[in-house]
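What follows is a single structure, written as structure tokens, with notes after it.
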Amino acid sequence: MTRRTDWAEYTSGSAGPGDDAYGAAAAPYETDPAVGPREDGAARHGDGAVRRSDGRSRGAGGARGRRRRERVEPSAEDGGANSSSRAEKGEPPRDPVEQARAICLRLLTGTPRTRRQLADALRKREIPDEAAEEVLSRFEEVGLINDGAFAQAWVESRHHGRGLAGRALARELRTKGVDATLIDAAVSQLDTEQEEGTARDLVARKLRATRGLDRDKRLRRLAGMLARKGYPEGMALRVVRQALEEEGEDTEHLGDEGF
């Protein structure tokens with residue numbers, strides 16, 4: 001039976017050494033168990049030495065024994081030394097569900113990820129499928145995983161930041177495991193007019209670097225740049241020809257060979 005956990009804290013989106021996911025941090029402690037008084041009035045200490053009323057002490061261990069103190073190991077109720085060590089180091093607990101939860105929260109900190117990306121990460125860490133499925137499904141319920149929102153944000157960011165067209169953006173989202181329906185919905189926010197405007201901006205920035213090259217080479221280089229960013233061939237050639245014409249190049253008989 002899968003262990004159920006309290007998911008209310010998921011909406012915080014953070015985890016740390018103090019979070020329940022890491023278990024109780026039971027720090028080791030020291031103690032000197034007292035032993036009853038001896039008949040000669042001296043008190044016996046935990047190290048076996050006997051301290052006289054005049055301040056001197058004797059007993060097995062001598063000076064070394066006086067410096068030693070017994071260490072009492074934490075009990076099982078405190079989580080034990082291993083549990084304490086894991087908590088202090090910020091390591092996830094051994095329970096599969098809690099471990100999966102801690103891994104996902106850490107991966108989501110500051111960086112949105114798809115369900116597929118998180119599932120792959122859990123699989124690499126050998127989290128059982130049942131525990132991984134429970135955590136991922138719950139994260140979707142509370143909104144920590146949202147592939148649709150991820151795809152929308154990805155398209156907007158990569159188009160404006162890198163100048164990628166819908167074809168390239170769809171390819172990237174597929175590699176991240178986003179469902180085809182969600183990809184289509186995200187890419188559809190880019191219309192043809194917007195894509196062509198971005199393609200013109202890209203060519204304008206690269207045009208100066210191609211000056212001095214022959215006309216056909218300039219065409220292939222600029223159109224190839226747009227093709228790598230996912231722009232359709234017809235659009236790429238049209239945009240590049242127009243840019244070259246504006247510079248005074250004769251493109252009437254410019255061929256498409258090599259593109």
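In the structure tokens, chains take letters A, B, ... by order of appearance, with residues numbered from 1 within each chain and ligands from 1 in the order shown.
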Residues near Thr175 in chain A, cut-off 12 Å, only C-alpha atoms, skip fewer than 6 positions along chain, as a ChimeraX atom specification: /A:114,116-117,151,168-169,183
Who sits within 12 Å of Arg208 in chain A, only C-alpha atoms, same chain under 6 positions skipped, as a ChimeraX atom specification: /A:202,218,222,243-244,247
Same residues, N, CA and C atoms, output as a CSV table (one decimal), in the first residue's frame:
chain,number,residue,atom,x,y,z
A,202,LEU,N,15.5,39.6,-37.8
A,202,LEU,CA,16.7,38.8,-37.8
A,202,LEU,C,17.6,39.0,-39.0
A,218,ARG,N,25.2,35.4,-50.1
A,218,ARG,CA,24.4,36.2,-49.1
A,218,ARG,C,23.0,35.6,-48.9
A,222,LEU,N,21.8,33.9,-45.3
A,222,LEU,CA,20.7,34.5,-44.6
A,222,LEU,C,19.5,33.6,-44.6
A,243,ALA,N,15.2,42.2,-48.5
A,243,ALA,CA,16.3,42.9,-47.8
A,243,ALA,C,17.4,43.2,-48.7
A,244,LEU,N,17.8,42.3,-49.6
A,244,LEU,CA,18.9,42.5,-50.5
A,244,LEU,C,18.5,43.6,-51.6
A,247,GLU,N,19.0,47.0,-50.4
A,247,GLU,CA,20.4,47.4,-50.5
A,247,GLU,C,20.9,47.6,-51.9
Helix (DSSP H, G or I) residues, from DSSP on the backbone, in range 106-235 of chain A, as a count of residues only: 96
Surrounding residues of Thr192 in chain A excluding itself and chain neighbours under 3 positions, 12 Å, only C-alpha atoms, as a PyMOL selection string: chain A and resi 165-167+187-189+195-199+231-232+235
Create the file for the chosen residues now, containing N, CA and C atoms and written as a PDB file, in the first residue's frame.
ATOM      1  N   ALA A 165      10.779  30.362 -34.857  1.00  0.00           N
ATOM      2  CA  ALA A 165       9.457  30.279 -35.469  1.00  0.00           C
ATOM      3  C   ALA A 165       8.689  29.097 -34.892  1.00  0.00           C
ATOM      4  N   GLY A 166       7.402  29.005 -35.263  1.00  0.00           N
ATOM      5  CA  GLY A 166       6.545  27.977 -34.699  1.00  0.00           C
ATOM      6  C   GLY A 166       7.052  26.571 -34.915  1.00  0.00           C
ATOM      7  N   ARG A 167       7.641  26.292 -36.074  1.00  0.00           N
ATOM      8  CA  ARG A 167       8.117  24.937 -36.364  1.00  0.00           C
ATOM      9  C   ARG A 167       9.214  24.521 -35.378  1.00  0.00           C
ATOM     10  N   VAL A 187       1.583  27.187 -29.994  1.00  0.00           N
ATOM     11  CA  VAL A 187       2.205  27.705 -31.218  1.00  0.00           C
ATOM     12  C   VAL A 187       1.226  28.559 -32.015  1.00  0.00           C
ATOM     13  N   SER A 188      -0.059  28.283 -31.872  1.00  0.00           N
ATOM     14  CA  SER A 188      -1.061  29.030 -32.638  1.00  0.00           C
ATOM     15  C   SER A 188      -1.119  30.507 -32.254  1.00  0.00           C
ATOM     16  N   GLN A 189      -0.520  30.869 -31.120  1.00  0.00           N
ATOM     17  CA  GLN A 189      -0.515  32.278 -30.740  1.00  0.00           C
ATOM     18  C   GLN A 189       0.400  33.104 -31.645  1.00  0.00           C
ATOM     19  N   GLU A 195       5.373  36.180 -37.342  1.00  0.00           N
ATOM     20  CA  GLU A 195       6.580  35.430 -37.675  1.00  0.00           C
ATOM     21  C   GLU A 195       7.394  36.145 -38.750  1.00  0.00           C
ATOM     22  N   GLU A 196       6.719  36.663 -39.774  1.00  0.00           N
ATOM     23  CA  GLU A 196       7.445  37.341 -40.842  1.00  0.00           C
ATOM     24  C   GLU A 196       8.116  38.610 -40.327  1.00  0.00           C
ATOM     25  N   GLY A 197       7.450  39.316 -39.427  1.00  0.00           N
ATOM     26  CA  GLY A 197       8.066  40.508 -38.850  1.00  0.00           C
ATOM     27  C   GLY A 197       9.330  40.170 -38.073  1.00  0.00           C
ATOM     28  N   THR A 198       9.291  39.071 -37.331  1.00  0.00           N
ATOM     29  CA  THR A 198      10.489  38.647 -36.590  1.00  0.00           C
ATOM     30  C   THR A 198      11.591  38.216 -37.543  1.00  0.00           C
ATOM     31  N   ALA A 199      11.212  37.552 -38.646  1.00  0.00           N
ATOM     32  CA  ALA A 199      12.210  37.127 -39.634  1.00  0.00           C
ATOM     33  C   ALA A 199      12.903  38.343 -40.260  1.00  0.00           C
ATOM     34  N   TYR A 231      11.769  28.846 -39.821  1.00  0.00           N
ATOM     35  CA  TYR A 231      10.921  29.598 -40.750  1.00  0.00           C
ATOM     36  C   TYR A 231      10.751  28.812 -42.052  1.00  0.00           C
ATOM     37  N   PRO A 232       9.548  28.846 -42.631  1.00  0.00           N
ATOM     38  CA  PRO A 232       9.300  28.135 -43.886  1.00  0.00           C
ATOM     39  C   PRO A 232      10.210  28.659 -45.001  1.00  0.00           C
ATOM     40  N   MET A 235       8.879  31.775 -47.012  1.00  0.00           N
ATOM     41  CA  MET A 235       8.962  33.015 -46.255  1.00  0.00           C
ATOM     42  C   MET A 235      10.408  33.477 -46.144  1.00  0.00           C
TER      43      MET A 235
END
Distance query Gly248 in chain A at most 12 Å, only C-alpha atoms, self and fewer than 6 positions along chain excluded, as an NGL selection string: :A and (211 or 215 or 241-242)
Writer output for current selection, N, CA and C atoms, as a short mmCIF file (atom, residue, chain, number, x, y, z; two decimals), in the first residue's frame:
data_model
loop_
_atom_site.label_atom_id
_atom_site.label_comp_id
_atom_site.auth_asym_id
_atom_site.auth_seq_id
_atom_site.Cartn_x
_atom_site.Cartn_y
_atom_site.Cartn_z
N ARG A 211 27.95 41.63 -46.03
CA ARG A 211 28.40 42.55 -47.07
C ARG A 211 29.82 42.19 -47.49
N ARG A 215 26.26 37.81 -54.22
CA ARG A 215 24.83 37.85 -53.97
C ARG A 215 24.26 36.49 -53.62
N ARG A 241 15.25 38.20 -50.02
CA ARG A 241 15.28 38.91 -51.30
C ARG A 241 14.89 40.38 -51.12
N GLN A 242 13.86 40.60 -50.33
CA GLN A 242 13.43 41.99 -50.10
C GLN A 242 14.53 42.80 -49.41
#
Computed interatomic separation between CA of Ala149 in chain A and CA of Leu226 in chain A (Å): 26.8 Å
Point-to-point distance in Å for CA of Gly148 in chain A and CA of Leu182 in chain A: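 CA of Gly148 in chain A lies 5.6 Å from CA of Leu182 in chain A.
Every protein, DNA or RNA residue with an atom at most 10 Å from Asp147 in chain A, where only C-alpha atoms count and chain neighbours fewer than 2 positions away do not, is listed here: Pro112, Arg113, Thr114, Arg115, Arg116, Glu140, Gly143, Leu144, Ile145, Ala149, Phe150, Ala151, Gln152, Ala153, Leu173, Lys176, Gly177, Val178, Asp179, Leu182 and Ile183 of chain A.
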Produce a file of the selected residues containing N, CA, C and O atoms, as a PDB file, in the first residue's frame.
ATOM      1  N   PRO A 112      10.294  26.318 -14.189  1.00  0.00           N
ATOM      2  CA  PRO A 112       9.161  25.452 -14.513  1.00  0.00           C
ATOM      3  C   PRO A 112       9.620  24.243 -15.334  1.00  0.00           C
ATOM      4  O   PRO A 112      10.544  24.357 -16.149  1.00  0.00           O
ATOM      5  N   ARG A 113       8.995  23.121 -15.117  1.00  0.00           N
ATOM      6  CA  ARG A 113       9.331  21.905 -15.856  1.00  0.00           C
ATOM      7  C   ARG A 113       8.050  21.160 -16.215  1.00  0.00           C
ATOM      8  O   ARG A 113       7.028  21.302 -15.555  1.00  0.00           O
ATOM      9  N   THR A 114       8.139  20.360 -17.256  1.00  0.00           N
ATOM     10  CA  THR A 114       6.999  19.567 -17.673  1.00  0.00           C
ATOM     11  C   THR A 114       6.903  18.297 -16.830  1.00  0.00           C
ATOM     12  O   THR A 114       7.862  17.895 -16.161  1.00  0.00           O
ATOM     13  N   ARG A 115       5.739  17.672 -16.901  1.00  0.00           N
ATOM     14  CA  ARG A 115       5.571  16.411 -16.173  1.00  0.00           C
ATOM     15  C   ARG A 115       6.559  15.367 -16.684  1.00  0.00           C
ATOM     16  O   ARG A 115       7.121  14.601 -15.904  1.00  0.00           O
ATOM     17  N   ARG A 116       6.766  15.340 -17.985  1.00  0.00           N
ATOM     18  CA  ARG A 116       7.696  14.367 -18.559  1.00  0.00           C
ATOM     19  C   ARG A 116       9.122  14.583 -18.033  1.00  0.00           C
ATOM     20  O   ARG A 116       9.833  13.619 -17.726  1.00  0.00           O
ATOM     21  N   GLU A 140       0.155  18.086 -10.248  1.00  0.00           N
ATOM     22  CA  GLU A 140      -0.717  18.643 -11.285  1.00  0.00           C
ATOM     23  C   GLU A 140      -1.990  19.197 -10.667  1.00  0.00           C
ATOM     24  O   GLU A 140      -2.479  20.261 -11.083  1.00  0.00           O
ATOM     25  N   GLY A 143      -1.353  22.560  -9.210  1.00  0.00           N
ATOM     26  CA  GLY A 143      -0.849  23.557 -10.148  1.00  0.00           C
ATOM     27  C   GLY A 143       0.657  23.720 -10.198  1.00  0.00           C
ATOM     28  O   GLY A 143       1.150  24.628 -10.876  1.00  0.00           O
ATOM     29  N   LEU A 144       1.399  22.872  -9.513  1.00  0.00           N
ATOM     30  CA  LEU A 144       2.851  22.964  -9.582  1.00  0.00           C
ATOM     31  C   LEU A 144       3.380  22.425 -10.905  1.00  0.00           C
ATOM     32  O   LEU A 144       4.490  22.766 -11.325  1.00  0.00           O
ATOM     33  N   ILE A 145       2.611  21.578 -11.546  1.00  0.00           N
ATOM     34  CA  ILE A 145       2.921  21.102 -12.902  1.00  0.00           C
ATOM     35  C   ILE A 145       1.769  21.522 -13.796  1.00  0.00           C
ATOM     36  O   ILE A 145       0.616  21.200 -13.528  1.00  0.00           O
ATOM     37  N   ALA A 149       0.513  25.775 -19.512  1.00  0.00           N
ATOM     38  CA  ALA A 149       1.122  27.067 -19.191  1.00  0.00           C
ATOM     39  C   ALA A 149       2.596  27.071 -19.535  1.00  0.00           C
ATOM     40  O   ALA A 149       3.140  28.091 -19.993  1.00  0.00           O
ATOM     41  N   PHE A 150       3.249  25.933 -19.337  1.00  0.00           N
ATOM     42  CA  PHE A 150       4.664  25.831 -19.695  1.00  0.00           C
ATOM     43  C   PHE A 150       4.856  26.086 -21.183  1.00  0.00           C
ATOM     44  O   PHE A 150       5.748  26.826 -21.598  1.00  0.00           O
ATOM     45  N   ALA A 151       4.028  25.446 -22.011  1.00  0.00           N
ATOM     46  CA  ALA A 151       4.155  25.589 -23.461  1.00  0.00           C
ATOM     47  C   ALA A 151       3.897  27.032 -23.899  1.00  0.00           C
ATOM     48  O   ALA A 151       4.612  27.570 -24.757  1.00  0.00           O
ATOM     49  N   GLN A 152       2.890  27.670 -23.321  1.00  0.00           N
ATOM     50  CA  GLN A 152       2.595  29.061 -23.669  1.00  0.00           C
ATOM     51  C   GLN A 152       3.771  29.969 -23.340  1.00  0.00           C
ATOM     52  O   GLN A 152       4.180  30.815 -24.143  1.00  0.00           O
ATOM     53  N   ALA A 153       4.317  29.814 -22.138  1.00  0.00           N
ATOM     54  CA  ALA A 153       5.447  30.653 -21.722  1.00  0.00           C
ATOM     55  C   ALA A 153       6.686  30.367 -22.557  1.00  0.00           C
ATOM     56  O   ALA A 153       7.460  31.276 -22.892  1.00  0.00           O
ATOM     57  N   LEU A 173       9.296  21.697 -27.862  1.00  0.00           N
ATOM     58  CA  LEU A 173       8.300  21.263 -26.882  1.00  0.00           C
ATOM     59  C   LEU A 173       8.060  19.759 -26.946  1.00  0.00           C
ATOM     60  O   LEU A 173       7.796  19.118 -25.922  1.00  0.00           O
ATOM     61  N   LYS A 176      10.431  17.890 -24.869  1.00  0.00           N
ATOM     62  CA  LYS A 176      10.181  18.034 -23.442  1.00  0.00           C
ATOM     63  C   LYS A 176       8.946  17.269 -22.992  1.00  0.00           C
ATOM     64  O   LYS A 176       8.533  17.361 -21.836  1.00  0.00           O
ATOM     65  N   GLY A 177       8.350  16.526 -23.912  1.00  0.00           N
ATOM     66  CA  GLY A 177       7.238  15.659 -23.556  1.00  0.00           C
ATOM     67  C   GLY A 177       5.887  16.331 -23.474  1.00  0.00           C
ATOM     68  O   GLY A 177       4.952  15.771 -22.893  1.00  0.00           O
ATOM     69  N   VAL A 178       5.735  17.523 -24.058  1.00  0.00           N
ATOM     70  CA  VAL A 178       4.442  18.205 -24.029  1.00  0.00           C
ATOM     71  C   VAL A 178       3.497  17.554 -25.030  1.00  0.00           C
ATOM     72  O   VAL A 178       3.896  17.201 -26.143  1.00  0.00           O
ATOM     73  N   ASP A 179       2.253  17.402 -24.638  1.00  0.00           N
ATOM     74  CA  ASP A 179       1.246  16.782 -25.501  1.00  0.00           C
ATOM     75  C   ASP A 179       1.042  17.604 -26.774  1.00  0.00           C
ATOM     76  O   ASP A 179       1.107  18.846 -26.757  1.00  0.00           O
ATOM     77  N   LEU A 182      -1.492  20.455 -26.688  1.00  0.00           N
ATOM     78  CA  LEU A 182      -1.012  21.640 -25.971  1.00  0.00           C
ATOM     79  C   LEU A 182       0.015  22.406 -26.808  1.00  0.00           C
ATOM     80  O   LEU A 182       0.063  23.641 -26.762  1.00  0.00           O
ATOM     81  N   ILE A 183       0.810  21.691 -27.564  1.00  0.00           N
ATOM     82  CA  ILE A 183       1.795  22.344 -28.439  1.00  0.00           C
ATOM     83  C   ILE A 183       1.090  23.165 -29.504  1.00  0.00           C
ATOM     84  O   ILE A 183       1.449  24.333 -29.756  1.00  0.00           O
TER      85      ILE A 183
END
Contacts of Glu126 in chain A within 10 Å, only C-alpha atoms, excl. fewer than 6 positions in-chain, as a list in words: Pro96, Ala100, Asp120 and Ala132 of chain A
Separation of CA of Asn146 in chain A from CA of Leu122 in chain A in Å: 17.5 Å
